[in-house]
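Enquirer: Sharing a structure with you now.
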Amino acid sequence: DRMMAVQHQVRQNASEVQDFFKDLGQWEDEIRSKDKSLVKGDLNPTRAKPLPAIRKKGFAEMVPSGVPGQKEKEAEAATDESNARIRPKTYQDYGQWDQYVHRNLDKALEDFDEQDRQEQEEKHRMRLEGERAKIREAEEAAARRVAEADALKDEGNRLLKAGDLEGAAAKYSAAIELHPHGAIPYANRAQVRLSQGRWEEAAKDCSDAVERDPRYIKAYLRRATAYGNLGERDKAVQDLRKVILLEPHNAQAKADLERLSQTPEEREAAAAREREARERAEREAIKKAGRKLQIREVDSDAVSYLVNDWWTWMR
């Protein structure tokens, strides 16, 4: 609509320019005609003003000084008005009109540019608001997915503690599907795979976890365990050293690294010592449990004797 208005304005200006040149041509024709009339004497100013006849009624109204009366003044004004009608416009008048047209056209173009600028700014503002709304919606949807993924992860932890490995793995997988950028569900599912003896899958889940969180200690430890069971000793040692670099006082990493650094004979001897220590601890636990049982039996007999003695005395 605005372009049509501008085009209409341009066409109107062009029409006015054409009218201007047409008027100019007519004015030139009138000048030529007047020049010819002046040459012939038809427009002689001395003849244009009629003189009153002697003894004419209007002559009697003249004052003694010879100044024309009221009627003579009215006739003279009418003659001047008639001459003014045929007086052509000057070039200065046309220049002023041309400046007026161009000034209005420039103002119209400036108004159009200003309106177009305001519309462009409004469109840009609306587009930015739309993009911000989309970003907010995406962030809200992502936050909902993260919350749902955390709930599934917590449910998986509960099932893992209860011993339901398959159920826990299913919950962790659902959490990963909802929020694939989280590292914890991968590491927790890796723990399930380790418990099931699925070493390759456990190593893969741990790799996905450390890719998302390069400082995830548990993921490195579990992947080292998976690599150790797969016979990939160098990779396991590398992961354990990474853990010690991130957490120098990690006892599990130091113990596992020391065990991997041993020869097969040393590892067998260490395993034997661990079994012996475990058996010793079990025996100590059994002994403690036996002593507690004897103490409870003695206390029970003493209480029974006292109750019987008190009952005999009362009778």
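Simple scheme: letters A, B, ... for chains in structure tokens order, numbers from 1 for residues in each chain, numbers from 1 for ligands in the order shown.
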Using only C-alpha atoms, determine which residues lie at most 8 Å from Pro185 in chain A, disregarding the query and same-chain residues fewer than 5 positions distant; provide the list as a VMD selection string.
Expert: chain A and resid 153 172 to 173 175 to 176
Enquirer: Would you put the residues from that selection into a file with N, CA and C atoms, as a compact mmCIF listing (two decimals), in the first residue's frame?
Expert:
```
# COMPACT_ATOMS: atom_id res chain seq x y z
N LYS A 153 16.51 -42.02 37.52
CA LYS A 153 17.80 -42.42 38.06
C LYS A 153 17.66 -42.82 39.55
N TYR A 172 17.80 -46.79 34.37
CA TYR A 172 18.93 -45.97 33.91
C TYR A 172 18.85 -45.73 32.41
N SER A 173 18.45 -46.72 31.65
CA SER A 173 18.33 -46.55 30.20
C SER A 173 17.25 -45.54 29.85
N ALA A 175 16.33 -43.06 31.76
CA ALA A 175 16.87 -41.75 32.13
C ALA A 175 17.82 -41.23 31.06
N ILE A 176 18.63 -42.11 30.49
CA ILE A 176 19.56 -41.71 29.42
C ILE A 176 18.79 -41.27 28.18
```
Enquirer: Determine, counting only C-alpha atoms, which protein, DNA and RNA residues have an atom within 10 Å of an atom of Asn157 in chain A; residues of the same chain fewer than 6 positions away are not included. Present the result as a VMD selection string.
Expert: chain A and resid 151 163 to 165 167 to 169 171 to 172 185 188 to 189
Enquirer: Suppose you want the space between CA of Ile184 in chain A and CA of Leu152 in chain A; what is it in Å?
Expert: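 About the pair CA of Ile184 in chain A and CA of Leu152 in chain A: they are 11.6 Å apart.
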Enquirer: Counting only C-alpha atoms, what are the residues of range 114-191 of chain A within 6 Å of range 202-222 of chain A, and for each of them which pair of atoms is the nearest and at what distance in Å, to one decimal? Sort the table by chain and rising number, as a tab-separated table.
Expert:
```
residue	atom	partner	partner_atom	distance
A:Ala183	CA	A:Ala209	CA	4.4
A:Tyr186	CA	A:Asp205	CA	5.1
A:Ala187	CA	A:Cys206	CA	5.4
A:Ala190	CA	A:Ala202	CA	4.2
```
Enquirer: Go ahead and write the selection's residues with N, CA, C and O atoms as a PDB file, in the first residue's frame.
Expert:
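Output file selection-v4.pdb is given in full below:
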```pdb
ATOM      1  N   ALA A 183      25.897 -37.622  32.935  1.00  0.00           N
ATOM      2  CA  ALA A 183      26.925 -38.659  33.074  1.00  0.00           C
ATOM      3  C   ALA A 183      26.548 -39.738  34.087  1.00  0.00           C
ATOM      4  O   ALA A 183      26.949 -40.901  33.939  1.00  0.00           O
ATOM      5  N   TYR A 186      24.815 -43.176  33.000  1.00  0.00           N
ATOM      6  CA  TYR A 186      25.742 -44.075  32.296  1.00  0.00           C
ATOM      7  C   TYR A 186      26.626 -44.821  33.293  1.00  0.00           C
ATOM      8  O   TYR A 186      26.816 -46.056  33.181  1.00  0.00           O
ATOM      9  N   ALA A 187      27.175 -44.067  34.270  1.00  0.00           N
ATOM     10  CA  ALA A 187      28.057 -44.716  35.250  1.00  0.00           C
ATOM     11  C   ALA A 187      27.290 -45.699  36.121  1.00  0.00           C
ATOM     12  O   ALA A 187      27.815 -46.781  36.460  1.00  0.00           O
ATOM     13  N   ALA A 190      26.696 -48.747  34.201  1.00  0.00           N
ATOM     14  CA  ALA A 190      27.949 -49.496  34.130  1.00  0.00           C
ATOM     15  C   ALA A 190      28.150 -50.358  35.373  1.00  0.00           C
ATOM     16  O   ALA A 190      28.654 -51.494  35.289  1.00  0.00           O
TER      17      ALA A 190
END
```
Enquirer: Report, in Å to a single decimal, how far apart CA of Asp256 in chain A and CA of Lys235 in chain A are.
Expert: 12.8 Å
Enquirer: Calculated over only C-alpha atoms, which of the candidates A:Glu177, A:Asp150, A:Asp239, A:Glu266 has the smallest distance to Lys254 in chain A?
Expert: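 When distances to Lys254 in chain A are compared using only C-alpha atoms, the smallest one comes from A:Asp239.
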Enquirer: Please determine, counting only C-alpha atoms, which residue among A:Ala285, A:Leu230, A:Leu245, A:Leu178 has the shortest atom-to-atom distance to Trp199 in chain A.
Expert: A:Leu230
Enquirer: When you draw a straight line from CA of Gln191 in chain A to CA of Asn229 in chain A, how long is it in Å?
Expert: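 Distance between the two atoms: 13.7 Å.
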Enquirer: Counting only C-alpha atoms, which of A:Ala224, A:Gly182, A:Ala270, A:Pro264 gets nearest to Ala147 in chain A?
Expert: A:Gly182
